[in-house]
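K.L.:
Structure provided below as structure tokens; questions to follow.
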Amino acid sequence: MGRKKFNDRPFAYHQELEVEIATLTNLGAGLGRVPLADHLGPETCDLKLPAAKAAGWVIMVPFALPGERVRARVFRNHPNYSEADLVEVLTPSPHRVAPRCPLFGRCGGCQYQNLAYAEQLRWKQRQVSELLQHLAGIEFAVAPVIASPREFGYRSKITPHFAAPRRENEGPSSKEQVSRTGESITETNPSAPPLTFDLRPSTGSPIGFLKQGTRHEIVDVPRCEIATDAINRRLTEVRAEIGAKMAAGAYPRGATLLLREASGVVTTDYDAIITEEIPVAGLAEAGLSFAKAAGSRPESADSTCSRQATRATTDGRTAAPVEKPAGTAGSTPNERTNLPARGALRLRFLARDFFQNNPFILPAFVGYVRDQAAAGGARFLVDAYCGSGLFALVAATKFERVAGVEISETSIRFARENAAANGMANASFLAGDAAAIFAGLDFPPGDTVVVIDPPRKGCDESFLRQLFAFGPRSVVYVSCDPATQMRDLTRFLAAGYRLTAVQPFDLFPQTRHLECVITLRRETTE
């Protein structure tokens with residue numbers, strides 16, 4: 001298949017423009033406009049873009065910041081905007097800072113390392129406000145973003161990739177041939193030495209993450225600045241082991257690796273059972289008897305990160321076994337006695353399962369969700385995407401009864417074990433059918449609050465229909481994608497719910513991502 005022909009309207013391939021950056025998109029790119037009259041000739045007058053001609057054509061430039069004037073090089077034209085690489089910062093923002101990572105601008109993992117952290121928070125708050133206006137059609141005061149206690153070194157899970165190693169004298173693959181590559185980009189910043197981001201194709205078989213602006217190229221990442229120190233130490237070992245096996249021809253295919261930390265121990269086994277301990281305000285005061293619940297039984301062999309030889313798999317692709325560091329799981333007093341710390345919640349789950357990856361902000365995050373759920377005065381709580389029971393168990397002390405619903409049988413098994421281990425006798429968990437999620441619940445809807453934390457794509461139609469038919473008093477909606485959350489919000493408003501709070505949390509500093517919690521109350525006719 002030949003390479004797709006470049007659409008040269010309104011700009012030629014690699015045409016350079018000077019752009020004033022006005023804002024940031026929710027994808028983390030700088031956005032500016034240029035007058036089309038300055039660039040369009042008679043041959044392009046058939047473009048049906050009257051609004052764009054009047055207001056200016058939108059140009060999106062990754063790593064450019066609001067208030068900057070930049071030189072950008074166009075690489076793609078869409079029907080109503082163009083994408084361009086940052087070539088030079090002509091007038092820098094006063095909030096521009098030197099990125100900590102030397103791969104920033106090349107690795108696609110971070111978008112904001114060049115933006116002061118306080119400004120990252122301000123822009124994320126603004127983006128939630130704009131999504132409310134544009135997608136939900138409402139004006140609502142968004143609370144300031146709750147900052148992460150750590151700006152770097154916070155991620156407790158990373159998943160580096162590597163492609164199949166090239167054979168000797170083998171050229172680039174067809175995917176690599178059509179991928180976008182650029183020249184060196186120099187970023188000018190008077191407050192720091194110039195930084196040069198080399199965007200030439202990598203050689204060999206890098207182990208890392210997708211290259212910025214590409215779908216297939218991998219950037220070699222020897223260290224990830226947003227990952228914890230323990231993960232980076234283990235990453236050095238894993239890279240050496242995988243690299244040696246690559247050289248020996250061990251990998252006919254690529255793979256996705258896993259490195260996940262809990263309590264200073266890093267596992268690379270997708271099937272390892274992780275034990276995470278979360279301090280939660282109010283648990284100690286609730287008077288729960290953790291010792292009575294957990295007893296003095298010893299840890300089972302699979303209750304902490306496995307220390308045996310492990311594998312890395314994704315979609316059937318397998319990496320060779322990776323030896324884990326020596327040591328025992330009982331490295332802390334709590335692990336040796338099998339008792340959670342006073343005022344802490346202990347959860348067990350599979351390393352490959354979803355779990356929030358910033359443990360440093362997690363206590364404040366889950367505490368807020370619990371308090372919002374309890375604020376409406378409901379006596380019962382349903383955690384509708386409960387996983388291993390995080391929100392249900394954090395909130396259990398505030399309600400007469402809580403129930404978690406999840407279609408994954410494995411997650412429900414862990415949730416039940418976690419409830420028993422933490423002494424939450426008022427918590428139950430149901431393996432729900434996707435077509436009848438709330439079947440079997442005996443909670444009165446008018447006295448029930450539902451917590452939902454759906455996947456990035458948001459709630460599906462079937463789930464929303466069932467939720468509205470159940471009709472809980474209030475809903476606390478947690479989302480890692482405010483855009484799909486605000487899309488779903490329109491359905492809640494139409495179903496008779498009123499928005500009462502919007503609170504973003506920065507679980508992902510240096511990136512465009514954030515978590516947002518919205519609280520909704522059902523309107524009554526009383």
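Identifiers in the structure tokens: chain A, B, ... in order shown; residue index from 1 per chain; ligand index from 1 in order shown.
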As an MDAnalysis selection string, please: the residues near region 138-154 of chain A (cut-off 9 Å, only C-alpha atoms, same-chain neighbours under 6 positions excluded).
P.N.:
chainID A and resid 117:118 121:122 124:126 128:130 132 224:229 357:361 364:365 499:510 516
K.L.:
Just the residues within 9 Å of Arg346 (chain A), please, counting only C-alpha atoms, with nothing from its chain fewer than 6 positions along; format it as a list in words.
P.N.:
Thr275, Glu276, Glu277, Ile278, Pro279, Leu339, Pro340, Asn418, Ala421 and Asn422 of chain A
K.L.:
Can you pull out every residue within 7 Å of Ser474 (chain A), counting only C-alpha atoms, but drop anything in the same chain fewer than 2 positions away, and send it as an NGL selection string?
P.N.:
:A and (449-450 or 472 or 476 or 520-522)
K.L.:
Counting only C-alpha atoms, which residue out of A:Val61, A:Val478, A:Ala29, A:Val265 sits closest to Ser156 (chain A)?
P.N.:
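The answer is A:Val265, which sits nearest to Ser156 (chain A).
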